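To start, the structure under review is shown below, and the notes come after it.
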Amino acid sequence: MSIFFLSALMLTLLIFIGEAVRDALGEDQMHVAYQPIIDTKTNKVVSLEALARWEHPELGDVSPGVFIPIAEECNLIGALGDWVLKQACIDASSIPGNVKVSVNVSAMQFANPGFATLVAQALAHSELPPERLELELTESTLLGNVDTAELAMFRLKALGVRLALDDFGTGYSSLLYLRRFPFDKLKIDRSFVQSIERAADTAAIVHA
């Protein structure tokens with residue numbers, strides 16, 4: 001089988017699944033699942049992490065490890081992320097108390113100059129207090145123009161939402177992020193947390 005044929009086949013498959021993702025957003029095949037975040041001191045749920053899930057009528061449950069990269073390749077990750085944001089705000093508004101909801105923000109969403117406006121609209125539509133929404137950014141999202149990233153983050157902070165730095169400790173980790181950007185939470189990568197009982201240096205990093 002030639003390389004050209006394989007490339008054409010992969011492109012066709014990518015387009016097919018990309019269209020399926022687009023259809024899924026319009027046909028209510030997608031739903032949001034929630035992973036509870038528990039305070040180890042009180043053993044109470046303090047936050048819910050929103051996770052996109054896809055149940056295809058023929059293929060069944062499609063792994064996020066499959067459809068998220070394809071959504072990125074097909075420039076659909078922005079639409080998918082905006083949908084998750086709106087749905088998470090609506091769902092969280094029906095939960096009593098101060099339980100927060102955290103939503104992952106893709107690089108494409110964050111680069112959108114109108115992203116803060118979309119967040120404000122989602123909050124207004126759902127009537128969710130802004131302090132109960134937490135937006136999670138990865139280090140790769142902040143790469144590029146640091147000044148532009150900083151301005152975007154301060155626009156979000158002006159709305160009253162919380163910001164979290166996700167997967168800290170991998171890739172392009174820099175203390176610059178902690179000094180310059182207005183983060184409310186630091187999520188240390190699990191590769192550090194999993195080994196704190198076996199490695200003194202890792203435990204020291206997590207403690208710090």
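Chain labels run A, B, ... following the order of the structure tokens; each chain numbers its residues from 1, and ligands are numbered from 1 in the order shown.
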Query - Residues of range 18-191 of chain A in strand (DSSP E), written as a VMD selection string - result: chain A and resid 30 to 39 44 to 56 60 to 62 100 to 104 133 to 138 162 to 168 185 to 188
**Report entry** Residues near range 94-109 of chain A, cut-off 8 Å, only C-alpha atoms, skip fewer than 2 positions along chain, as a ChimeraX atom specification
**Finding:** /A:45-51,77-78,81-82,84-85,88-92,111-112,115,131-137,140-142
Mind dumping the selected residues with N, CA and C atoms as a PDB file, in the first residue's frame?
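Once written, again.pdb looks like this:
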```pdb
ATOM      1  N   VAL A  45     -17.125  17.692  48.543  1.00  0.00           N
ATOM      2  CA  VAL A  45     -16.939  18.090  47.145  1.00  0.00           C
ATOM      3  C   VAL A  45     -16.924  19.617  47.083  1.00  0.00           C
ATOM      4  N   VAL A  46     -15.859  20.176  46.551  1.00  0.00           N
ATOM      5  CA  VAL A  46     -15.738  21.626  46.454  1.00  0.00           C
ATOM      6  C   VAL A  46     -15.822  22.113  45.008  1.00  0.00           C
ATOM      7  N   SER A  47     -15.611  21.187  44.069  1.00  0.00           N
ATOM      8  CA  SER A  47     -15.626  21.588  42.668  1.00  0.00           C
ATOM      9  C   SER A  47     -15.950  20.395  41.785  1.00  0.00           C
ATOM     10  N   LEU A  48     -16.426  20.687  40.575  1.00  0.00           N
ATOM     11  CA  LEU A  48     -16.725  19.663  39.579  1.00  0.00           C
ATOM     12  C   LEU A  48     -16.010  20.027  38.287  1.00  0.00           C
ATOM     13  N   GLU A  49     -15.222  19.107  37.763  1.00  0.00           N
ATOM     14  CA  GLU A  49     -14.518  19.359  36.505  1.00  0.00           C
ATOM     15  C   GLU A  49     -15.357  18.867  35.337  1.00  0.00           C
ATOM     16  N   ALA A  50     -15.670  19.768  34.419  1.00  0.00           N
ATOM     17  CA  ALA A  50     -16.509  19.442  33.269  1.00  0.00           C
ATOM     18  C   ALA A  50     -15.698  18.702  32.207  1.00  0.00           C
ATOM     19  N   LEU A  51     -16.236  17.569  31.740  1.00  0.00           N
ATOM     20  CA  LEU A  51     -15.557  16.738  30.748  1.00  0.00           C
ATOM     21  C   LEU A  51     -16.517  16.410  29.611  1.00  0.00           C
ATOM     22  N   ILE A  77     -12.525  22.672  17.826  1.00  0.00           N
ATOM     23  CA  ILE A  77     -12.309  22.651  19.269  1.00  0.00           C
ATOM     24  C   ILE A  77     -12.860  23.910  19.936  1.00  0.00           C
ATOM     25  N   GLY A  78     -12.866  25.018  19.203  1.00  0.00           N
ATOM     26  CA  GLY A  78     -13.429  26.245  19.750  1.00  0.00           C
ATOM     27  C   GLY A  78     -14.921  26.117  19.980  1.00  0.00           C
ATOM     28  N   GLY A  81     -15.502  23.625  22.813  1.00  0.00           N
ATOM     29  CA  GLY A  81     -15.177  24.216  24.102  1.00  0.00           C
ATOM     30  C   GLY A  81     -16.214  25.228  24.555  1.00  0.00           C
ATOM     31  N   ASP A  82     -16.713  26.036  23.623  1.00  0.00           N
ATOM     32  CA  ASP A  82     -17.741  27.021  23.969  1.00  0.00           C
ATOM     33  C   ASP A  82     -19.025  26.336  24.404  1.00  0.00           C
ATOM     34  N   VAL A  84     -19.255  23.324  25.830  1.00  0.00           N
ATOM     35  CA  VAL A  84     -19.018  22.765  27.162  1.00  0.00           C
ATOM     36  C   VAL A  84     -19.122  23.866  28.212  1.00  0.00           C
ATOM     37  N   LEU A  85     -18.553  25.034  27.929  1.00  0.00           N
ATOM     38  CA  LEU A  85     -18.603  26.158  28.856  1.00  0.00           C
ATOM     39  C   LEU A  85     -20.045  26.545  29.174  1.00  0.00           C
ATOM     40  N   ALA A  88     -21.834  23.697  31.126  1.00  0.00           N
ATOM     41  CA  ALA A  88     -21.327  23.567  32.490  1.00  0.00           C
ATOM     42  C   ALA A  88     -21.895  24.667  33.385  1.00  0.00           C
ATOM     43  N   CYS A  89     -21.995  25.874  32.865  1.00  0.00           N
ATOM     44  CA  CYS A  89     -22.558  26.980  33.640  1.00  0.00           C
ATOM     45  C   CYS A  89     -24.033  26.722  33.952  1.00  0.00           C
ATOM     46  N   ILE A  90     -24.763  26.208  32.976  1.00  0.00           N
ATOM     47  CA  ILE A  90     -26.182  25.911  33.180  1.00  0.00           C
ATOM     48  C   ILE A  90     -26.348  24.828  34.235  1.00  0.00           C
ATOM     49  N   ASP A  91     -25.557  23.763  34.121  1.00  0.00           N
ATOM     50  CA  ASP A  91     -25.661  22.657  35.077  1.00  0.00           C
ATOM     51  C   ASP A  91     -25.274  23.103  36.480  1.00  0.00           C
ATOM     52  N   ALA A  92     -24.193  23.884  36.575  1.00  0.00           N
ATOM     53  CA  ALA A  92     -23.707  24.312  37.887  1.00  0.00           C
ATOM     54  C   ALA A  92     -24.701  25.242  38.580  1.00  0.00           C
ATOM     55  N   ALA A 111      -7.236  32.170  22.445  1.00  0.00           N
ATOM     56  CA  ALA A 111      -6.702  33.120  21.462  1.00  0.00           C
ATOM     57  C   ALA A 111      -7.797  33.979  20.836  1.00  0.00           C
ATOM     58  N   ASN A 112      -9.040  33.599  21.041  1.00  0.00           N
ATOM     59  CA  ASN A 112     -10.165  34.363  20.493  1.00  0.00           C
ATOM     60  C   ASN A 112     -10.317  35.674  21.264  1.00  0.00           C
ATOM     61  N   PHE A 115     -13.264  35.938  23.630  1.00  0.00           N
ATOM     62  CA  PHE A 115     -13.532  34.849  24.569  1.00  0.00           C
ATOM     63  C   PHE A 115     -14.119  35.360  25.887  1.00  0.00           C
ATOM     64  N   GLU A 131     -17.801  33.794  40.563  1.00  0.00           N
ATOM     65  CA  GLU A 131     -16.788  33.193  41.434  1.00  0.00           C
ATOM     66  C   GLU A 131     -16.920  31.676  41.521  1.00  0.00           C
ATOM     67  N   ARG A 132     -18.022  31.126  40.979  1.00  0.00           N
ATOM     68  CA  ARG A 132     -18.201  29.673  40.980  1.00  0.00           C
ATOM     69  C   ARG A 132     -17.709  29.035  39.685  1.00  0.00           C
ATOM     70  N   LEU A 133     -17.210  29.847  38.769  1.00  0.00           N
ATOM     71  CA  LEU A 133     -16.655  29.325  37.508  1.00  0.00           C
ATOM     72  C   LEU A 133     -15.137  29.411  37.555  1.00  0.00           C
ATOM     73  N   GLU A 134     -14.489  28.287  37.269  1.00  0.00           N
ATOM     74  CA  GLU A 134     -13.033  28.230  37.236  1.00  0.00           C
ATOM     75  C   GLU A 134     -12.591  27.771  35.850  1.00  0.00           C
ATOM     76  N   LEU A 135     -11.761  28.558  35.207  1.00  0.00           N
ATOM     77  CA  LEU A 135     -11.262  28.239  33.869  1.00  0.00           C
ATOM     78  C   LEU A 135      -9.846  27.693  33.993  1.00  0.00           C
ATOM     79  N   GLU A 136      -9.617  26.520  33.395  1.00  0.00           N
ATOM     80  CA  GLU A 136      -8.311  25.869  33.485  1.00  0.00           C
ATOM     81  C   GLU A 136      -7.519  26.082  32.198  1.00  0.00           C
ATOM     82  N   LEU A 137      -6.323  26.622  32.353  1.00  0.00           N
ATOM     83  CA  LEU A 137      -5.431  26.881  31.226  1.00  0.00           C
ATOM     84  C   LEU A 137      -4.180  26.023  31.373  1.00  0.00           C
ATOM     85  N   SER A 140       0.853  25.352  27.647  1.00  0.00           N
ATOM     86  CA  SER A 140       0.975  25.524  26.200  1.00  0.00           C
ATOM     87  C   SER A 140       0.026  26.601  25.683  1.00  0.00           C
ATOM     88  N   THR A 141      -1.092  26.815  26.394  1.00  0.00           N
ATOM     89  CA  THR A 141      -2.050  27.845  25.998  1.00  0.00           C
ATOM     90  C   THR A 141      -1.442  29.230  26.103  1.00  0.00           C
ATOM     91  N   LEU A 142      -0.474  29.395  27.016  1.00  0.00           N
ATOM     92  CA  LEU A 142       0.104  30.703  27.285  1.00  0.00           C
ATOM     93  C   LEU A 142       1.322  31.008  26.428  1.00  0.00           C
TER      94      LEU A 142
END
```
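Closest approach to His207 in chain A among A:Ala71, A:Leu118, A:Ala79, A:Ile188 is made by A:Ile188 (distances from only C-alpha atoms).
CA of Asp184 in chain A sits 20.7 Å away from CA of Tyr34 in chain A.
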Query raised in the report: In Å, with one decimal, what is the gap from CA of Glu19 in chain A to CA of Glu73 in chain A?
Result: 11.7 Å
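Our summary of the geometry notes that CA of Phe183 in chain A is positioned 12.8 Å from CA of Ala158 in chain A.
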Requested in this report: Could you give me the residues within range 53-148 of chain A that DSSP places in helix (DSSP H, G or I), as a ChimeraX atom specification?
Outcome: /A:64-73,77-93,107-111,115-126,130-132,139-142,146-148
Residue subset to file, keeping N, CA and C atoms, as a short mmCIF file (atom, residue, chain, number, x, y, z; two decimals), in the first residue's frame:
```cif
data_model
loop_
_atom_site.label_atom_id
_atom_site.label_comp_id
_atom_site.auth_asym_id
_atom_site.auth_seq_id
_atom_site.Cartn_x
_atom_site.Cartn_y
_atom_site.Cartn_z
N PRO A 64 -12.62 10.62 24.42
CA PRO A 64 -12.12 11.99 24.21
C PRO A 64 -10.72 11.99 23.60
N GLY A 65 -9.96 10.92 23.87
CA GLY A 65 -8.63 10.80 23.28
C GLY A 65 -8.68 10.68 21.77
N VAL A 66 -9.86 10.34 21.26
CA VAL A 66 -10.05 10.24 19.80
C VAL A 66 -10.64 11.52 19.23
N PHE A 67 -11.76 11.98 19.81
CA PHE A 67 -12.46 13.10 19.17
C PHE A 67 -11.88 14.48 19.50
N ILE A 68 -11.19 14.63 20.63
CA ILE A 68 -10.61 15.94 20.95
C ILE A 68 -9.50 16.32 19.96
N PRO A 69 -8.51 15.41 19.69
CA PRO A 69 -7.48 15.77 18.71
C PRO A 69 -8.06 16.04 17.31
N ILE A 70 -9.10 15.29 16.94
CA ILE A 70 -9.72 15.50 15.63
C ILE A 70 -10.44 16.83 15.59
N ALA A 71 -11.11 17.18 16.69
CA ALA A 71 -11.77 18.48 16.77
C ALA A 71 -10.75 19.61 16.62
N GLU A 72 -9.56 19.40 17.18
CA GLU A 72 -8.50 20.40 17.05
C GLU A 72 -8.02 20.50 15.61
N GLU A 73 -7.84 19.35 14.96
CA GLU A 73 -7.36 19.32 13.58
C GLU A 73 -8.36 19.97 12.63
N ILE A 77 -12.53 22.67 17.83
CA ILE A 77 -12.31 22.65 19.27
C ILE A 77 -12.86 23.91 19.94
N GLY A 78 -12.87 25.02 19.20
CA GLY A 78 -13.43 26.24 19.75
C GLY A 78 -14.92 26.12 19.98
N ALA A 79 -15.63 25.59 18.97
CA ALA A 79 -17.08 25.40 19.09
C ALA A 79 -17.41 24.40 20.18
N LEU A 80 -16.62 23.32 20.24
CA LEU A 80 -16.83 22.30 21.28
C LEU A 80 -16.59 22.88 22.67
N GLY A 81 -15.50 23.62 22.81
CA GLY A 81 -15.18 24.22 24.10
C GLY A 81 -16.21 25.23 24.56
N ASP A 82 -16.71 26.04 23.62
CA ASP A 82 -17.74 27.02 23.97
C ASP A 82 -19.03 26.34 24.40
N TRP A 83 -19.36 25.22 23.75
CA TRP A 83 -20.57 24.47 24.13
C TRP A 83 -20.42 23.90 25.53
N VAL A 84 -19.26 23.32 25.83
CA VAL A 84 -19.02 22.76 27.16
C VAL A 84 -19.12 23.87 28.21
N LEU A 85 -18.55 25.03 27.93
CA LEU A 85 -18.60 26.16 28.86
C LEU A 85 -20.05 26.54 29.17
N LYS A 86 -20.86 26.71 28.14
CA LYS A 86 -22.25 27.12 28.35
C LYS A 86 -23.02 26.06 29.13
N GLN A 87 -22.83 24.78 28.75
CA GLN A 87 -23.56 23.71 29.42
C GLN A 87 -23.13 23.55 30.87
N ALA A 88 -21.83 23.70 31.13
CA ALA A 88 -21.33 23.57 32.49
C ALA A 88 -21.89 24.67 33.38
N CYS A 89 -21.99 25.87 32.87
CA CYS A 89 -22.56 26.98 33.64
C CYS A 89 -24.03 26.72 33.95
N ILE A 90 -24.76 26.21 32.98
CA ILE A 90 -26.18 25.91 33.18
C ILE A 90 -26.35 24.83 34.23
N ASP A 91 -25.56 23.76 34.12
CA ASP A 91 -25.66 22.66 35.08
C ASP A 91 -25.27 23.10 36.48
N ALA A 92 -24.19 23.88 36.58
CA ALA A 92 -23.71 24.31 37.89
C ALA A 92 -24.70 25.24 38.58
N SER A 93 -25.46 26.01 37.80
CA SER A 93 -26.40 26.95 38.39
C SER A 93 -27.53 26.25 39.15
N ALA A 107 -6.37 26.28 23.53
CA ALA A 107 -5.56 27.38 23.03
C ALA A 107 -6.34 28.21 22.01
N MET A 108 -7.17 27.54 21.19
CA MET A 108 -7.95 28.25 20.19
C MET A 108 -8.99 29.15 20.84
N GLN A 109 -9.64 28.66 21.89
CA GLN A 109 -10.61 29.49 22.61
C GLN A 109 -9.93 30.70 23.23
N PHE A 110 -8.81 30.45 23.90
CA PHE A 110 -8.12 31.51 24.62
C PHE A 110 -7.60 32.58 23.66
N ALA A 111 -7.24 32.17 22.45
CA ALA A 111 -6.70 33.12 21.46
C ALA A 111 -7.80 33.98 20.84
N PHE A 115 -13.26 35.94 23.63
CA PHE A 115 -13.53 34.85 24.57
C PHE A 115 -14.12 35.36 25.89
N ALA A 116 -13.60 36.46 26.41
CA ALA A 116 -14.12 37.00 27.67
C ALA A 116 -15.60 37.35 27.53
N THR A 117 -15.98 37.84 26.36
CA THR A 117 -17.39 38.17 26.11
C THR A 117 -18.24 36.91 26.12
N LEU A 118 -17.72 35.82 25.53
CA LEU A 118 -18.45 34.55 25.52
C LEU A 118 -18.64 34.03 26.95
N VAL A 119 -17.61 34.18 27.77
CA VAL A 119 -17.70 33.76 29.17
C VAL A 119 -18.76 34.59 29.90
N ALA A 120 -18.76 35.89 29.67
CA ALA A 120 -19.73 36.78 30.31
C ALA A 120 -21.15 36.40 29.89
N GLN A 121 -21.33 36.07 28.62
CA GLN A 121 -22.65 35.68 28.13
C GLN A 121 -23.11 34.37 28.74
N ALA A 122 -22.18 33.41 28.89
CA ALA A 122 -22.53 32.12 29.49
C ALA A 122 -22.95 32.30 30.95
N LEU A 123 -22.26 33.17 31.66
CA LEU A 123 -22.59 33.44 33.05
C LEU A 123 -23.95 34.13 33.16
N ALA A 124 -24.19 35.10 32.29
CA ALA A 124 -25.45 35.84 32.32
C ALA A 124 -26.63 34.94 31.99
N HIS A 125 -26.45 34.10 30.98
CA HIS A 125 -27.54 33.20 30.55
C HIS A 125 -27.89 32.20 31.64
N SER A 126 -26.88 31.67 32.31
CA SER A 126 -27.10 30.64 33.33
C SER A 126 -27.37 31.22 34.72
N PRO A 130 -20.11 34.44 39.05
CA PRO A 130 -18.80 34.28 38.38
C PRO A 130 -17.75 33.61 39.24
N GLU A 131 -17.80 33.79 40.56
CA GLU A 131 -16.79 33.19 41.43
C GLU A 131 -16.92 31.68 41.52
N ARG A 132 -18.02 31.13 40.98
CA ARG A 132 -18.20 29.67 40.98
C ARG A 132 -17.71 29.04 39.69
N GLU A 139 -0.13 25.24 30.26
CA GLU A 139 1.04 26.08 29.97
C GLU A 139 1.19 26.34 28.47
N SER A 140 0.85 25.35 27.65
CA SER A 140 0.98 25.52 26.20
C SER A 140 0.03 26.60 25.68
N THR A 141 -1.09 26.81 26.39
CA THR A 141 -2.05 27.85 26.00
C THR A 141 -1.44 29.23 26.10
N LEU A 142 -0.47 29.40 27.02
CA LEU A 142 0.10 30.70 27.29
C LEU A 142 1.32 31.01 26.43
N VAL A 146 3.21 36.81 25.38
CA VAL A 146 2.92 36.84 26.82
C VAL A 146 2.05 38.04 27.18
N ASP A 147 2.29 39.18 26.53
CA ASP A 147 1.51 40.38 26.82
C ASP A 147 0.04 40.19 26.46
N THR A 148 -0.21 39.54 25.31
CA THR A 148 -1.58 39.29 24.88
C THR A 148 -2.26 38.32 25.85
#
```
Report task. Extract, using only C-alpha atoms, all DNA, RNA and protein residues at most 9 Å from Arg53 in chain A, discarding same-chain residues fewer than 4 positions from it, and format them as JSON, numbers by chain. Result -> {"A": [29, 30, 31, 32, 33, 61, 62, 63, 64]}
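Of the residues listed (A:Leu59, A:Ala149, A:Ile37, A:Leu159), A:Leu59 shows the shortest atom-to-atom separation from Ala20 in chain A; distances use only C-alpha atoms.
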